[in-house]
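Visitor: Before we start, here is the structure in question, set down as structure tokens.
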Amino acid sequence: MGRLDAYLIPAVDGVAYGLLLFVVAAGLMLCFGVANILNLAHGTLYAIGAYTAAAVSDGGTGTLLVALLVGTVAAAAAGLVLAGLLTPVAPGDQLAQALLTFGVALAGGGLLVVAFGPDDLPVTVPAWLDRPVGLAGHPYAAYRLALIVVAAGVAVALHLAVARTRAGMLARAAADDERMVACLGVSPTRVRVGVLAAAGGLAGAAGVLGAPLLGPGPGTAATVLLLSLVVVVLGGLGSVGGTFLAALAVGEIQTLGVTLLPTAAPFLLFAAMAVVLAARARGPLRHWSPA
Amino acid sequence: MNPASTLNQHAGAQPAGARHTGAARSPGGPPPPAAARSPRRWAVTATVAVALAAGAGLAVAAPWLVDPYTTSLLARTLVFGLVAASVAVLTGIAGLPTLGQTAPFAAGAYTCAVLSLHTGAVGVVSLLAGAAAGALLAALTAPLVVYARGVVALMITLAIGELAVVAAGRWKSVTGGTDGLAGMPSVPASWGLPVLGDDRARYLYALAAVAVVVGAVVLALRTPAGALLRGCRDDERRMRASGHPVTGYLAVALVAAGAVAGVAGSLLITVQQYVSPADFGFDVAALLLLGVVIGGAGSVGGAFAGTALVIAGRDWLSGLLPGHAPVLLGGLFVLAAYAFPQGVAARSGLPGLARRSVSGGLISGRRAGWLISGRRAGAGDRGRP
Amino acid sequence: MTTLLAAEGLCRRYGSLVAVDALDLRLDEGERHAVIGPNGAGKTTLLDLLAGACRPDRGRITFAGRDITGLGASRRARLGIGRTHQRPAVWPSLTTLDNVMLAGWYAHRRARRRAVAVDLLERVGLGSGGLGSGGLAAAPAASLSHGQRRQLEIAMALAGAPRLLLLDEPAAGLSAAELDLLRDLLAELPRTVTVLLVEHRLDLVFALADTVTVLSEGRPVDSGTPAEITASQAVRRVYAGAPPAGLFDLEAAG
């Protein structure tokens with residue numbers, strides 16, 4: 001029983017981490033699935049949120065909410081800037097998009113370091129959440145439990161948005177055939193702008209809320225991008241449900257996996273990718289769908 | 001009825017508009033007779049030959065023309081140029097865009113670093129060890145990459161490259177972790193030769209090795225192997241329909257490119273005598289891709305030159321405005337994305353990335369469906385009954 | 001008559017769209033079999049399934065006595081299944097001759113490849129003669145017209161020395177003269193090559209085919225000689241309101 005306890009905390013951490021990754025990866029998948037953009041600046045959008053939390057949030061709930069608002073808006077605005085920069089690029093030219101978004105990531109990361117310095121910044125959690133809560137007899141950080149709840153709520157909201165709203169339907173349609181959506185009167189530009197703003201907002205919000213878990217620093221953008229990519233690739237690139245499971249899996253690997261096999265985490269992710277890709281290589285194709 | 005004459009009768013009557021292809025560049029008929037092309041062709045060939053000779057001469061003379069520090073920078077540039085050549089083979093010729101050649105590069109570098117620290121192996125042995133390590137890593141990761149195309153290949157190779165870096169950072173016992181490994185002894189290029197003691201000797205060694213490997217790659221691409229890879233790039237579906245095992249060809253290309261990157265890793269150790277995970281980060285992979293694209297992804301020599309330009313530019317910018325270099329470099333990337341009005345991919349000869357097939361999506365009309373087990377240009381009809 | 005190809009119970013869906021359902025097909029050696037049907041009937045999917053470009057959800061395919069259901073496209077091509085595509089698939093950066101040589105890679109030894117390629121180009125009407133020295137053989141395939149690309153792709157399919165040739169609407173977009181060329185070419189094919197032809201142009205179908213199968217919504221509606229198909233009530237129902245030109249003319253013409 002004692003052995004199991006030692007793994008319970010990392011396992012729950014894994015859920016928190018995984019849900020956070022899901023929210024972040026959903027934005028990346030949105031960019032790719034709907035607007036066919038490989039957004040290498042996605043990690044930077046998260047970092048904007050995380051740095052906002054470090055700068056604004058000082059332990060009060062009010063400041064946290066302010067940080068959330070500011071961070072989300074700032075990252076969404078960055079997404080709009082990205083959309084604007086992408087306009088002259090030919091729509092199908094994904095190599096140019098990769099280069100451009102990478103350039104933005106590089107420049108954005110540089111600007112953040114110039115503004116905030118080259119160190120990892122600490123983030124203050126609201127006082128009422130900054131205490132241990134009993135979890136199956138063990139003390140567990142309340143903030144992480146709250147994060148689990150919030151992230152799960154966002155996941156549900158995303159699912160509903162994709163499945164039930166007109167915007168979600170347009171998104172699915174655009175994923176299938178962009179030109180047909182244009183025939184419906186929605187311009188591809190508008191789709192791209194909307195998608196990048198939404199992805200930015202999602203990433204920024206995740207950055208603010210997740211900062212205590214995956215905080216602001218010079219390496220944050222790259223780490224977040226890498227993990228999002230792995231999640232998106234593992235999740236099958238087509239299905240929100242698959243991405244959800246993949247995010248949980250990656251979260252667990254990064255927490256529970258590291259506890260079990262300390263140096264092996266990168267190899268575990270690698271092995272997971274290998275197994276999943278090999279299994280899927282000949283498998284059925286997927287569509288971008290709500291589940 | 002003589003088939004040839006029927007076609008000839010008809011060809012004259014067909015309006016130019018009937019030409020279906022992107023044939024704005026070509027008048028649509030057979031190329032002009034060889035005789036008419038000769039004088040112009042000779043002039044072009046002669047100019048290129050002279051330029052190449054001058055460049056080669058400069059390259060060899062460089063260590064005597066600049067200070068040792070610049071010489072070592074130039075040597076490093078050569079090394080990255082070699083990795084870029086491997087990126088060009090995969091991206092421009094086989095049609096498999098990659099951000100992950102840093103992984104076999106790192107494998108070769110770390111293998112040779114450990115080899116050098118423990119045995120002080122000579123240059124030639126180190127080169128072979130690097131090639132083997134790079135090829136092995138490429139062989140191990142090939143199954144993940146070889147079924148992916150286009151952007152998905154970029155994603156997966158990026159993840160592989162990044163994971164390799166993270167692994168190098170964590171595996172302290174072997175790789176020295178984030179501090180890296182240092183203090184490799186200077187060794188001779190081969191038994192019986194003098195030790196490569198100064199920057200000039202190391203530069204010339206790197207120059208020789210790079211020239212041999214790049215030359216070998218260029219020659220190899222002129223064999224039928226090159227045509228096979230180009231066929232995979234241009235129309236994979238037709239390749240399969242004609243019996244060619246595309247996945248197998250791409251796997252071989254990946255392993256060969258891995259070997260080339262591994263050789264570059266070995267050279268990095270010789271030239272730098274120090275290695276750390278920072279040498280193989282995501283930004284390096286992106287810089288390589290940029291260099292390849294600038295140089296024209298279909299050309300190995302162009303990729304080499306383009307990367308040399310990009311690396312030199314980055315080093316110059318770092319010197320110019322320390323601390324602000326990333327912002328400027330980022331701007332450079334953005335400008336590069338704009339600098340190719342027909343599209344970066346079109347310029348680099350990657351039809352699959354440059355445009356969607358008419359039926360929408362790069363495969364079977366459904367973008368999401370293309371992603372993992374996808375095909376490229378030419379596979380557009382699959383989704384429609 | 002030996003059976004060359006037998007497909008049993010083929011099913012293929014794309015999500016909730018059924019492309020092909022419970023399809024059985026048998027081809028005898030040397031047969032010329034045409035598949036017709038309205039758009040969306042599953043004709044191209046059928047060819048994709050037979051050639052290995054996609055996997056059936058259910059069903060079995062046997063070729064020359066061997067179960068090929070699990071084999072990939074390139075493997076099947078090497079076993080002797082050749083095909084052309086609805087939109088001609090050629091390698092634009094290679095010359096016409098190189099296209100045919102590359103297509104004949106696995107079917108012919110290196111020494112023979114060039115000769116075979118030159119001969120095939122002649123047969124499809126892309127050879128030398130009349131267009132300057134070297135003719136179209138040395139032209140990059142990107143510079144060919146649509147009709148020429150179709151002809152090139154047929155040459156490429158033949159370069160693989162196929163036992164079974166799958167043709168996907170080879171006549172689409174061809175001029176009258178090119179059509180004559182195609183008809184002659186197909187008529188002259190030896191009976192060692194079995195042909196499965198998906199076509200809309202019924203003059204070609206009725207000139208060439210021994211057997212005609214009509215597909216509708218992924219299922220075979222009827223199968224028989226051209227005369228039987230023309231007389232078939234089931235086929236009339238399938239085409240109710242919009243029979244393609246020529247389907248029922250045969251009957252009217254007697």
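Convention: chains lettered A, B, ... in structure tokens order; per-chain residue numbering from 1; ligands numbered from 1 as shown.
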For Asp58 of chain A, find every residue with an atom within 10 Å (counting only C-alpha atoms), except residues of its own chain fewer than 5 positions away, and show them as a ChimeraX atom specification.
Guide: /A:53,63-64,67,123-127
Visitor: Can you list, as a VMD selection string, every residue of segment 15-247 of chain A that DSSP puts in helix (DSSP H, G or I)?
Guide: chain A and resid 15 to 35 42 to 56 61 to 86 94 to 116 127 to 129 142 to 164 166 to 176 178 to 183 188 to 210 220 to 234 240 to 247
Visitor: At what distance in Å, to one decimal, does atom CA of Thr225 of chain C lie from atom CA of Ile154 of chain C?
Guide: 25.2 Å
Visitor: Hey, which of C:Val212, C:Cys54, C:Leu102, C:Leu174 ends up closest to chain A? Count only C-alpha atoms.
Guide: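 Smallest separation from chain A among the options: C:Cys54.
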Visitor: Got a sec: who's within 9 Å of segment 50-67 of chain B, counting only C-alpha atoms, leaving out chain neighbours fewer than 6 positions off, as a list in words?
Guide: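 So, after excluding close chain neighbours, the residues are Leu74, Asp199, Arg200, Ala201, Tyr203, Leu204 and Leu207 of chain B.
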Visitor: Enumerate as an mmCIF file with C-alpha atoms, in the first residue's frame the residues belonging to chain C that approach chain B to within 6 Å, with only C-alpha atoms taken into account.
Guide:
```cif
data_model
loop_
_atom_site.group_PDB
_atom_site.id
_atom_site.type_symbol
_atom_site.label_atom_id
_atom_site.label_comp_id
_atom_site.auth_asym_id
_atom_site.auth_seq_id
_atom_site.Cartn_x
_atom_site.Cartn_y
_atom_site.Cartn_z
ATOM 1 C CA ALA C 19 -18.133 3.440 -51.791
ATOM 2 C CA GLY C 40 -20.267 8.045 -57.513
ATOM 3 C CA GLY C 42 -17.609 3.269 -56.930
ATOM 4 C CA THR C 44 -12.477 4.296 -59.196
ATOM 5 C CA THR C 45 -12.662 2.829 -55.710
ATOM 6 C CA ALA C 73 0.299 -1.501 -54.339
ATOM 7 C CA SER C 74 3.936 -1.787 -55.311
ATOM 8 C CA ALA C 77 2.399 -4.001 -59.507
ATOM 9 C CA ARG C 78 5.403 -6.281 -59.481
ATOM 10 C CA ALA C 89 0.057 10.424 -63.184
ATOM 11 C CA TRP C 91 6.746 12.273 -63.421
ATOM 12 C CA ALA C 103 7.954 2.572 -65.102
ATOM 13 C CA GLY C 125 1.976 7.695 -80.642
ATOM 14 C CA LEU C 136 8.813 13.819 -77.761
ATOM 15 C CA ALA C 139 10.819 16.336 -73.858
ATOM 16 C CA SER C 143 5.447 19.926 -71.285
ATOM 17 C CA SER C 145 -0.600 18.072 -73.248
ATOM 18 C CA HIS C 146 -3.330 16.293 -71.338
#
```
